[in-house]
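Pasted below: target-v4.txt, compact mmCIF, C-alpha atoms.
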```
# COMPACT_ATOMS: atom_id res chain seq x y z
CA MET A 1 -91.44 68.35 -118.61
CA ALA A 2 -92.66 65.43 -116.47
CA ASN A 3 -89.15 64.78 -115.20
CA HIS A 4 -88.74 68.46 -114.41
CA MET A 5 -92.04 68.50 -112.48
CA ASN A 6 -91.10 65.33 -110.58
CA ALA A 7 -87.75 66.82 -109.69
CA ALA A 8 -89.44 70.00 -108.47
CA LYS A 9 -91.95 67.99 -106.46
CA HIS A 10 -89.16 65.88 -104.97
CA LYS A 11 -87.23 69.00 -104.07
CA ALA A 12 -90.28 70.56 -102.42
CA SER A 13 -91.06 67.41 -100.45
CA GLY A 14 -87.42 67.19 -99.41
CA LYS A 15 -87.66 70.67 -97.93
CA SER A 16 -90.91 69.96 -96.09
CA LEU A 17 -89.63 66.62 -94.78
CA LEU A 18 -87.22 68.37 -92.41
CA GLY A 19 -90.00 70.51 -90.94
CA GLY A 20 -92.21 67.49 -90.21
CA ALA A 21 -89.31 65.51 -88.74
CA MET A 22 -88.44 68.46 -86.52
CA ILE A 23 -92.03 68.70 -85.22
CA ILE A 24 -91.93 64.98 -84.35
CA ALA A 25 -88.45 65.10 -82.79
CA GLY A 26 -89.17 68.37 -81.01
CA THR A 27 -92.34 66.91 -79.49
CA ALA A 28 -90.64 63.69 -78.38
CA VAL A 29 -87.43 65.19 -77.01
CA GLY A 30 -88.13 66.95 -73.74
CA ALA A 31 -89.77 64.68 -71.20
CA GLY A 32 -87.17 61.97 -71.74
CA MET A 33 -84.15 64.26 -71.47
CA PHE A 34 -84.74 64.93 -67.81
CA SER A 35 -86.57 61.77 -66.76
CA LEU A 36 -84.75 58.91 -68.57
CA PRO A 37 -81.37 59.24 -66.78
CA VAL A 38 -83.14 59.45 -63.41
CA VAL A 39 -85.62 56.58 -63.91
CA GLY A 40 -82.90 54.57 -65.72
CA ALA A 41 -80.43 54.86 -62.84
CA GLY A 42 -81.56 51.53 -61.39
CA MET A 43 -81.17 49.44 -64.57
CA TRP A 44 -78.26 51.63 -65.72
CA PHE A 45 -76.87 52.12 -69.23
CA SER A 46 -77.08 48.82 -71.15
CA TYR A 47 -80.61 47.97 -70.05
CA SER A 48 -81.69 51.60 -70.57
CA VAL A 49 -80.57 51.42 -74.21
CA LEU A 50 -82.30 48.04 -74.64
CA MET A 51 -85.53 49.45 -73.19
CA MET A 52 -85.30 52.55 -75.43
CA LEU A 53 -84.91 50.39 -78.55
CA GLY A 54 -88.02 48.38 -77.71
CA VAL A 55 -90.08 51.47 -76.83
CA TRP A 56 -88.89 53.34 -79.94
CA PHE A 57 -89.97 50.47 -82.21
CA CYS A 58 -93.41 50.09 -80.60
CA MET A 59 -94.07 53.84 -80.60
CA LEU A 60 -92.93 54.20 -84.22
CA VAL A 61 -95.25 51.37 -85.33
CA SER A 62 -98.21 52.70 -83.31
CA GLY A 63 -97.75 56.14 -84.92
CA LEU A 64 -97.70 54.56 -88.37
CA LEU A 65 -100.87 52.57 -87.54
CA LEU A 66 -102.52 55.85 -86.60
CA LEU A 67 -101.35 57.37 -89.90
CA GLU A 68 -102.79 54.37 -91.78
CA THR A 69 -106.25 55.08 -90.34
CA ASN A 70 -105.92 58.86 -90.69
CA LEU A 71 -105.27 58.62 -94.45
CA HIS A 72 -108.77 57.19 -95.02
CA TYR A 73 -110.18 60.59 -93.96
CA GLU A 74 -109.91 64.17 -95.13
CA PRO A 75 -106.92 66.19 -93.85
CA GLY A 76 -107.96 67.98 -90.65
CA ALA A 77 -109.76 64.96 -89.17
CA SER A 78 -108.31 64.28 -85.73
CA PHE A 79 -108.67 61.58 -83.07
CA ASP A 80 -112.28 62.46 -82.28
CA THR A 81 -113.46 61.83 -85.85
CA LEU A 82 -111.26 58.77 -86.37
CA THR A 83 -112.29 56.93 -83.18
CA ARG A 84 -116.00 57.72 -83.64
CA ASP A 85 -116.06 56.33 -87.18
CA THR A 86 -113.87 53.27 -86.61
CA LEU A 87 -114.55 52.18 -83.01
CA GLY A 88 -117.82 53.87 -82.00
CA ASN A 89 -118.84 56.29 -79.26
CA PHE A 90 -117.53 54.31 -76.26
CA TRP A 91 -113.96 54.32 -77.53
CA ARG A 92 -114.43 57.86 -78.78
CA ILE A 93 -115.20 59.00 -75.22
CA VAL A 94 -112.47 56.87 -73.60
CA ASN A 95 -109.90 58.01 -76.13
CA GLY A 96 -111.08 61.62 -75.94
CA LEU A 97 -110.68 61.68 -72.18
CA SER A 98 -107.25 60.05 -72.33
CA ILE A 99 -105.85 62.27 -75.09
CA ALA A 100 -107.17 65.43 -73.45
CA PHE A 101 -105.76 64.34 -70.09
CA VAL A 102 -102.34 63.46 -71.52
CA LEU A 103 -101.94 66.56 -73.67
CA TYR A 104 -103.21 68.86 -70.93
CA ILE A 105 -101.04 67.19 -68.24
CA LEU A 106 -97.97 67.35 -70.50
CA ALA A 107 -98.68 71.00 -71.32
CA TYR A 108 -98.82 71.60 -67.55
CA ALA A 109 -95.64 69.57 -67.01
CA TYR A 110 -93.77 71.66 -69.57
CA ILE A 111 -95.09 74.90 -68.08
CA SER A 112 -93.85 73.66 -64.70
CA GLY A 113 -90.50 72.54 -66.11
CA GLY A 114 -90.27 75.62 -68.32
CA GLY A 115 -90.94 77.91 -65.37
CA SER A 116 -88.30 76.04 -63.36
CA ILE A 117 -85.62 76.32 -66.03
CA VAL A 118 -86.50 79.94 -66.92
CA ASN A 119 -86.30 80.79 -63.22
CA HIS A 120 -82.96 78.96 -62.94
CA SER A 121 -81.66 80.87 -65.98
CA LEU A 122 -82.79 84.26 -64.65
CA SER A 123 -81.39 83.61 -61.16
CA SER A 124 -77.95 83.01 -62.70
CA LEU A 125 -78.26 86.55 -64.12
CA GLY A 126 -79.24 87.93 -60.71
CA VAL A 127 -82.96 88.25 -61.56
CA GLU A 128 -85.38 86.65 -59.11
CA LEU A 129 -88.91 85.74 -60.20
CA PRO A 130 -91.55 83.57 -58.49
CA GLN A 131 -91.53 80.25 -60.36
CA SER A 132 -95.27 80.50 -61.08
CA LEU A 133 -94.72 83.86 -62.79
CA ALA A 134 -91.78 82.45 -64.78
CA GLY A 135 -94.12 79.64 -65.91
CA LEU A 136 -96.73 82.19 -66.99
CA VAL A 137 -94.17 84.10 -69.10
CA PHE A 138 -93.04 80.79 -70.66
CA ALA A 139 -96.62 79.70 -71.47
CA VAL A 140 -97.88 83.00 -72.91
CA GLY A 141 -94.82 83.52 -75.12
CA LEU A 142 -95.10 80.08 -76.74
CA ALA A 143 -98.92 80.08 -76.90
CA ILE A 144 -98.74 83.04 -79.30
CA ILE A 145 -96.66 80.93 -81.74
CA VAL A 146 -99.21 78.06 -81.73
CA PHE A 147 -102.06 80.58 -82.19
CA ILE A 148 -100.42 82.01 -85.33
CA SER A 149 -100.23 78.74 -87.36
CA THR A 150 -98.82 75.22 -87.76
CA LYS A 151 -96.29 76.71 -90.17
CA ALA A 152 -95.06 79.04 -87.42
CA VAL A 153 -94.60 76.06 -85.08
CA ASP A 154 -92.74 74.21 -87.88
CA ARG A 155 -90.34 77.12 -88.41
CA ILE A 156 -89.76 77.92 -84.74
CA THR A 157 -89.40 74.24 -83.77
CA THR A 158 -86.86 73.72 -86.56
CA ILE A 159 -84.85 76.70 -85.28
CA MET A 160 -85.19 75.49 -81.69
CA LEU A 161 -84.13 71.92 -82.47
CA GLY A 162 -81.17 73.30 -84.42
CA GLY A 163 -80.28 75.39 -81.37
CA MET A 164 -80.83 72.37 -79.12
CA ILE A 165 -78.42 70.26 -81.16
CA ILE A 166 -75.75 73.01 -81.13
CA THR A 167 -76.06 73.76 -77.40
CA PHE A 168 -76.43 70.06 -76.58
CA PHE A 169 -73.14 69.11 -78.19
CA LEU A 170 -71.36 72.24 -76.97
CA ALA A 171 -72.57 71.52 -73.44
CA ILE A 172 -71.93 67.79 -73.35
CA GLY A 173 -69.02 67.61 -75.81
CA ASN A 174 -66.73 67.93 -72.82
CA LEU A 175 -68.82 65.43 -70.86
CA LEU A 176 -68.65 62.90 -73.72
CA ILE A 177 -64.87 63.27 -73.89
CA GLU A 178 -64.63 62.78 -70.13
CA VAL A 179 -66.88 59.69 -70.11
CA GLU A 180 -65.44 56.80 -68.13
CA PRO A 181 -66.47 53.47 -69.76
CA ALA A 182 -66.29 51.78 -66.35
CA LYS A 183 -69.09 54.03 -65.10
CA LEU A 184 -71.26 52.97 -68.05
CA PHE A 185 -70.57 49.25 -68.06
CA VAL A 186 -69.26 48.43 -64.55
CA PRO A 187 -71.34 50.72 -62.28
CA ASP A 188 -70.92 50.93 -58.53
CA GLY A 189 -73.53 49.97 -55.97
CA GLU A 190 -75.76 46.90 -55.93
CA THR A 191 -75.61 44.31 -58.71
CA SER A 192 -79.36 44.15 -59.44
CA TYR A 193 -80.37 45.93 -62.66
CA LEU A 194 -83.07 44.26 -64.78
CA PRO A 195 -85.91 44.42 -62.19
CA TYR A 196 -85.73 48.25 -62.29
CA MET A 197 -86.65 48.27 -66.00
CA LEU A 198 -90.35 47.65 -65.33
CA ALA A 199 -90.90 50.90 -63.42
CA ALA A 200 -89.03 52.84 -66.14
CA ILE A 201 -91.04 51.56 -69.16
CA PRO A 202 -93.89 54.11 -68.78
CA PHE A 203 -91.38 56.99 -68.85
CA GLY A 204 -90.01 55.52 -72.07
CA LEU A 205 -93.47 55.73 -73.64
CA VAL A 206 -93.81 59.43 -72.76
CA SER A 207 -90.26 60.04 -74.04
CA PHE A 208 -91.31 58.93 -77.53
CA GLY A 209 -94.77 60.46 -77.50
CA TYR A 210 -95.60 62.40 -80.67
CA HIS A 211 -98.92 60.82 -81.71
CA GLY A 212 -100.98 63.96 -81.17
CA ASN A 213 -99.06 65.45 -84.10
CA VAL A 214 -99.85 62.73 -86.66
CA PRO A 215 -103.24 64.28 -87.63
CA SER A 216 -101.47 67.68 -87.69
CA LEU A 217 -98.93 66.32 -90.20
CA VAL A 218 -101.71 64.89 -92.39
CA LYS A 219 -103.42 68.29 -92.26
CA TYR A 220 -100.10 70.01 -93.05
CA TYR A 221 -98.87 67.75 -95.90
CA GLY A 222 -102.16 66.44 -97.27
CA LYS A 223 -102.39 62.77 -98.28
CA ASP A 224 -98.68 62.20 -98.89
CA PRO A 225 -97.92 59.02 -96.90
CA ALA A 226 -94.35 58.63 -98.20
CA THR A 227 -93.28 62.02 -96.84
CA ILE A 228 -95.18 61.61 -93.55
CA VAL A 229 -93.71 58.12 -92.92
CA LYS A 230 -90.22 59.49 -93.56
CA ALA A 231 -90.89 62.47 -91.27
CA ILE A 232 -92.12 60.23 -88.42
CA THR A 233 -89.27 57.74 -88.82
CA LEU A 234 -86.59 60.42 -89.11
CA GLY A 235 -88.05 62.45 -86.25
CA THR A 236 -88.17 59.48 -83.86
CA LEU A 237 -84.65 58.41 -84.86
CA ILE A 238 -83.33 61.92 -84.14
CA ALA A 239 -84.98 61.69 -80.72
CA PHE A 240 -83.43 58.26 -80.11
CA VAL A 241 -79.90 59.43 -81.00
CA ILE A 242 -80.24 62.51 -78.77
CA TYR A 243 -81.43 60.35 -75.85
CA LEU A 244 -78.59 57.89 -76.42
CA CYS A 245 -75.94 60.64 -76.35
CA TRP A 246 -77.59 62.11 -73.26
CA LEU A 247 -77.50 58.78 -71.41
CA VAL A 248 -73.81 58.33 -72.30
CA ALA A 249 -73.02 61.86 -71.05
CA THR A 250 -74.99 61.60 -67.81
CA MET A 251 -74.28 58.00 -66.79
CA GLY A 252 -70.68 58.25 -67.96
CA ASN A 253 -70.01 61.15 -65.60
CA ILE A 254 -72.40 60.75 -62.66
CA THR A 255 -71.94 57.48 -60.75
CA ARG A 256 -74.90 55.18 -60.22
CA SER A 257 -74.75 55.86 -56.49
CA GLY A 258 -74.56 59.60 -57.31
CA PHE A 259 -78.05 59.37 -58.81
CA VAL A 260 -79.39 58.36 -55.39
CA GLU A 261 -78.86 61.98 -54.24
CA VAL A 262 -80.49 63.34 -57.43
CA ILE A 263 -83.53 61.09 -56.83
CA ALA A 264 -83.65 62.09 -53.15
CA GLN A 265 -84.00 65.76 -54.19
CA GLY A 266 -86.95 64.97 -56.45
CA GLY A 267 -85.07 64.20 -59.66
CA ASN A 268 -86.32 67.32 -61.45
CA MET A 269 -84.61 69.26 -64.22
CA GLY A 270 -82.74 71.72 -62.03
CA VAL A 271 -81.27 69.00 -59.80
CA LEU A 272 -79.94 66.99 -62.76
CA VAL A 273 -78.49 70.11 -64.43
CA ALA A 274 -76.84 71.05 -61.12
CA ALA A 275 -75.33 67.55 -60.75
CA LEU A 276 -73.87 67.77 -64.26
CA SER A 277 -72.64 71.32 -63.63
CA ASP A 278 -70.53 69.98 -60.77
CA VAL A 279 -68.47 67.89 -63.21
CA MET A 280 -68.35 70.48 -66.02
CA ALA A 281 -65.11 72.28 -66.80
CA SER A 282 -66.42 75.86 -67.03
CA ASP A 283 -69.32 78.23 -66.38
CA TRP A 284 -69.68 78.69 -70.15
CA LEU A 285 -70.44 74.97 -70.60
CA THR A 286 -72.95 75.17 -67.76
CA THR A 287 -74.62 78.10 -69.55
CA MET A 288 -74.86 76.02 -72.75
CA LEU A 289 -76.48 73.18 -70.78
CA THR A 290 -79.02 75.59 -69.27
CA LEU A 291 -79.80 77.04 -72.71
CA PHE A 292 -80.27 73.53 -74.06
CA ALA A 293 -82.72 72.74 -71.22
CA ASN A 294 -84.72 75.87 -72.10
CA LEU A 295 -84.92 74.90 -75.78
CA ALA A 296 -85.77 71.25 -75.03
CA VAL A 297 -88.74 72.04 -72.83
CA ALA A 298 -89.94 74.87 -75.14
CA SER A 299 -89.90 72.68 -78.28
CA SER A 300 -91.78 69.91 -76.48
CA PHE A 301 -94.38 72.39 -75.25
CA LEU A 302 -94.89 73.68 -78.80
CA GLY A 303 -95.28 70.16 -80.23
CA VAL A 304 -97.66 68.94 -77.52
CA THR A 305 -99.86 72.05 -77.58
CA LEU A 306 -100.04 72.01 -81.40
CA GLY A 307 -101.51 68.49 -81.20
CA LEU A 308 -103.91 69.59 -78.44
CA PHE A 309 -104.87 72.72 -80.42
CA ASP A 310 -105.80 70.72 -83.55
CA TYR A 311 -107.59 68.06 -81.50
CA LEU A 312 -109.74 70.62 -79.69
CA ALA A 313 -110.50 72.53 -82.91
CA ASP A 314 -111.80 69.25 -84.39
CA LEU A 315 -113.71 68.34 -81.21
CA PHE A 316 -115.50 71.70 -80.80
CA GLY A 317 -115.79 72.51 -84.52
CA PHE A 318 -113.84 75.76 -84.28
CA ASP A 319 -112.85 77.10 -87.70
CA GLU A 320 -109.52 78.50 -88.93
CA SER A 321 -110.61 82.15 -88.73
CA ARG A 322 -108.88 84.47 -86.27
CA THR A 323 -111.88 84.26 -83.91
CA GLY A 324 -112.00 80.47 -84.23
CA ARG A 325 -108.28 80.11 -83.52
CA LEU A 326 -108.63 82.46 -80.53
CA LYS A 327 -111.38 80.25 -79.06
CA THR A 328 -109.23 77.15 -79.64
CA ALA A 329 -106.22 78.88 -78.04
CA ALA A 330 -108.30 79.76 -74.96
CA VAL A 331 -109.44 76.16 -74.30
CA THR A 332 -105.94 74.86 -75.12
CA PHE A 333 -103.79 77.10 -72.94
CA LEU A 334 -105.89 78.44 -70.05
CA PRO A 335 -106.31 75.17 -68.02
CA PRO A 336 -102.59 74.11 -67.97
CA THR A 337 -101.46 77.71 -67.39
CA VAL A 338 -103.76 78.08 -64.37
CA LEU A 339 -102.46 74.73 -63.02
CA GLY A 340 -98.90 75.98 -63.57
CA LEU A 341 -99.68 79.06 -61.48
CA LEU A 342 -101.25 77.00 -58.68
CA PHE A 343 -98.78 74.07 -58.64
CA PRO A 344 -95.44 75.22 -60.12
CA ASN A 345 -93.37 72.13 -59.13
CA GLY A 346 -95.11 69.12 -60.67
CA PHE A 347 -92.90 68.24 -63.66
CA LEU A 348 -91.90 64.61 -62.96
CA ILE A 349 -95.15 63.69 -61.19
CA ALA A 350 -97.19 64.97 -64.15
CA ILE A 351 -95.09 63.01 -66.66
CA GLY A 352 -95.57 59.84 -64.61
CA PHE A 353 -99.38 60.25 -64.64
CA ALA A 354 -99.36 61.07 -68.35
CA ALA A 355 -97.84 57.67 -69.13
CA LEU A 356 -100.85 55.71 -67.87
CA ALA A 357 -103.42 57.55 -70.00
CA ALA A 358 -101.00 57.74 -72.95
CA THR A 359 -101.02 53.96 -73.28
CA ILE A 360 -104.65 54.22 -74.44
CA TRP A 361 -104.33 56.78 -77.24
CA ALA A 362 -100.67 56.31 -78.20
CA ALA A 363 -100.67 52.50 -78.34
CA ILE A 364 -103.92 50.59 -77.81
CA VAL A 365 -106.38 52.81 -79.74
CA PRO A 366 -104.16 53.35 -82.85
CA ALA A 367 -103.76 49.56 -83.09
CA LEU A 368 -107.50 48.90 -82.67
CA MET A 369 -108.40 51.64 -85.20
CA ALA A 370 -106.01 50.23 -87.81
CA TYR A 371 -107.47 46.73 -87.30
CA ARG A 372 -111.01 48.09 -87.74
CA ALA A 373 -110.06 50.34 -90.69
CA ARG A 374 -108.67 47.32 -92.55
CA GLN A 375 -112.09 45.68 -92.20
CA MET A 376 -113.94 48.86 -93.22
CA PHE A 377 -111.73 49.60 -96.25
CA PRO A 378 -110.62 46.14 -97.46
CA ASP A 379 -110.01 47.28 -101.04
CA SER A 380 -108.12 50.45 -100.15
CA GLN A 381 -104.87 51.05 -102.01
CA SER A 382 -103.76 53.55 -99.36
CA PHE A 383 -100.72 53.17 -97.09
CA ARG A 384 -100.70 50.07 -94.89
CA VAL A 385 -98.19 49.21 -92.14
CA PRO A 386 -96.41 45.95 -93.04
CA GLY A 387 -96.51 42.96 -90.69
CA GLY A 388 -100.23 42.21 -90.75
CA THR A 389 -102.14 41.54 -87.53
CA LEU A 390 -98.95 40.58 -85.66
CA VAL A 391 -97.67 44.16 -85.40
CA ILE A 392 -101.11 45.26 -84.18
CA ALA A 393 -101.00 42.58 -81.45
CA ILE A 394 -97.45 43.61 -80.45
CA VAL A 395 -98.48 47.25 -80.03
CA ILE A 396 -101.57 46.34 -77.97
CA PHE A 397 -99.47 44.07 -75.74
CA TYR A 398 -96.92 46.84 -75.29
CA GLY A 399 -99.68 49.28 -74.28
CA LEU A 400 -101.14 46.85 -71.72
CA LEU A 401 -97.67 46.09 -70.31
CA THR A 402 -96.90 49.80 -69.91
CA ALA A 403 -100.21 50.47 -68.14
CA ALA A 404 -99.68 47.50 -65.83
CA CYS A 405 -96.14 48.65 -64.97
CA HIS A 406 -97.35 52.13 -64.08
CA LEU A 407 -100.20 50.87 -61.88
CA LEU A 408 -97.87 48.43 -60.09
CA ALA A 409 -95.29 51.17 -59.58
CA MET A 410 -97.96 53.49 -58.12
CA ALA A 411 -98.94 50.68 -55.72
CA ASP A 412 -95.26 50.28 -54.69
CA LEU A 413 -95.23 46.72 -56.03
CA LEU A 414 -92.24 47.24 -58.34
CA PRO A 415 -88.62 47.75 -57.21
CA MET A 416 -87.66 51.45 -57.32
CA TYR A 417 -84.06 52.63 -57.28
CA GLY A 418 -82.91 55.13 -54.68
```
Could the structure of this file be written out as structure tokens, please?
Amino acid sequence: MANHMNAAKHKASGKSLLGGAMIIAGTAVGAGMFSLPVVGAGMWFSYSVLMMLGVWFCMLVSGLLLLETNLHYEPGASFDTLTRDTLGNFWRIVNGLSIAFVLYILAYAYISGGGSIVNHSLSSLGVELPQSLAGLVFAVGLAIIVFISTKAVDRITTIMLGGMIITFFLAIGNLLIEVEPAKLFVPDGETSYLPYMLAAIPFGLVSFGYHGNVPSLVKYYGKDPATIVKAITLGTLIAFVIYLCWLVATMGNITRSGFVEVIAQGGNMGVLVAALSDVMASDWLTTMLTLFANLAVASSFLGVTLGLFDYLADLFGFDESRTGRLKTAAVTFLPPTVLGLLFPNGFLIAIGFAALAATIWAAIVPALMAYRARQMFPDSQSFRVPGGTLVIAIVIFYGLLTAACHLLAMADLLPMYG
């Protein structure tokens, strides 16, 4: 009987693992798809992969440090509760401002990008819409899914990521076949590469941002660290592989000097898709690429707003009733939707600003909370990230480095390609 129950439990957790991994991967994949090739054009392929490996490791560890702290509290506790109890009111306020800013600015970025790609899709069908209106349609349609439940986001995100993978490989299968190794490893143009990595590091952080969903996973699974760790690791690895394939496809077909023109036009989603369309073999493949772009930005929007939804529900004490969820939905979706209507073309700029604030709540604060939680609960038998204080120090250093790089880039003190 015990073996039968364990087998049933294992089977159930195996099913739920995919859903959690898809929420993590779906949240992470999006910003990086359309920013990494552009910001990586200066350092090019090899250094881009090296940077992604380092960022992936640091962001995985910081997410696990957040999980370590979260497991000391009841499911449903979010950043507001965790920072108040472990670090006090000062860090609670700093972290609260940074997480709200990042999640709101990313929600706005995805409404902007979503409106852009929806508009691009409709225009290819001969339908013309103002981009702000296309963004409104995008936001309202997906907001309804988040309002319904976390389970709805799980199901829809799983379907979307499945669709993303299919359309991604249909769209770039031809591009991967046509990749010229010389373009990847012996690029044209100037011979300086490594200095351009510094300005790209903040975009790497946003590309692997999923931390707002860690409390949501604890709320969803309960205190089941083994499943949540697997979901986070698998989800971030899926994101890494997708980014890697994307870099091979883009940098293996568009020359390094060709990216100068993409950057000159603002480097947004439509420009990159158009540049790839120029080297694609058929209109059908271009359609698949456009569909992929729609799914990528939609899944990221769902993941980000789910984290914001749960955070705000915890912050304001809104309950899970229909009225409570409606109040949470209003404070979650109205501000970024209004911004999307007023400023419909801010995708890349918004992602750049998100990186600076994200260093606080996605790197520095999770590390500080884990350090404090280990002092507060010294005898706890709960999950603990291996590596002791060293991994905490590495994550804090990474957060400070990322913030410094972004500030220096904003002050035009770092080399920028193009």
Subject >> Residues near segment 253-263 of chain A, cut-off 12 Å, all atoms listed in the file, skip fewer than 2 positions along chain, as a ChimeraX atom specification >> reply: /A:34-45,172,174-193,246-251,265-280,348,416-418
Original post:
Counting all atoms listed in the file, what is within 10 Å of segment 307-312 of chain A, bar same-chain residues fewer than 3 positions away, as a PyMOL selection string?
Top reply: chain A and resi 27+76-81+96+99-100+102-104+107+146-147+150+210-217+219+302-304+315-318+325+327-333
**OP:** List every protein, DNA or RNA residue with an atom no more than 9 Å from (-108.6, 62.5, -99.9) in the file's coordinates, counting only C-alpha atoms, and format the result as a list in words.
**Re:**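 So the residues meeting the distance criterion are Leu71, His72, Tyr73, Glu74, Pro75, Gly222 and Lys223 of chain A.
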Subject >> Atom pair atom CA of Ile351 of chain A / atom CA of Ala109 of chain A: separation (Å) >> reply: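 Separation of atom CA of Ile351 of chain A and atom CA of Ala109 of chain A: 6.6 Å.
Counting only C-alpha atoms and comparing A:Ile201, A:Thr305, A:Arg92, A:Trp284, the residue that lies closest to Gly399 of chain A is A:Ile201.
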**OP:** For atom CA of Gly26 of chain A and atom CA of Ser299 of chain A, quote the distance in Å rounded to one decimal.
**Re:**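 Taking atom CA of Gly26 of chain A and atom CA of Ser299 of chain A, their separation equals 5.2 Å.
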Original post:
When distances are computed from only C-alpha atoms, which of A:Leu97, A:Leu161, A:Leu82, A:Val385 shows the smallest separation from Gly63 of chain A?
Top reply: A:Val385
Subject >> Top pick for closest residue to Ala404 of chain A, considering A:Gly387, A:Leu64, A:Ile165, A:Ile360 and counting all atoms listed in the file >> reply: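 Result for the nearest residue to Ala404 of chain A: A:Ile360.
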Original post:
A:Arg322, A:His120, A:Arg84, A:Lys230: which is nearest Ile148 of chain A, counting all atoms listed in the file?
Top reply: A:Arg322
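Rounded to one decimal, atom CA of Leu295 of chain A and atom CA of Gly163 of chain A lie 7.3 Å from each other.
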Subject >> Among the residues A:Phe208, A:Phe169, A:Phe377, A:Phe203, the one that comes closest to Leu237 of chain A [using all atoms listed in the file] >> reply: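 Among A:Phe208, A:Phe169, A:Phe377, A:Phe203, it is A:Phe208 that comes nearest to Leu237 of chain A.
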**OP:** Name the closest residue to Trp56 of chain A among the candidates A:Thr233, A:Thr157, A:Thr167, A:Asn119; distances are taken between atoms, counting only C-alpha atoms.
**Re:**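 For Trp56 of chain A, the nearest of the candidates is A:Thr233.
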Original post:
Contacts of Ala370 of chain A at 12 Å or less, counting all atoms listed in the file, minus same-chain residues fewer than 5 places along, as a PyMOL selection string?
Top reply: chain A and resi 61-72+82-83+85-87+363-365+375-378+383-386+388-389+391-393+395-396
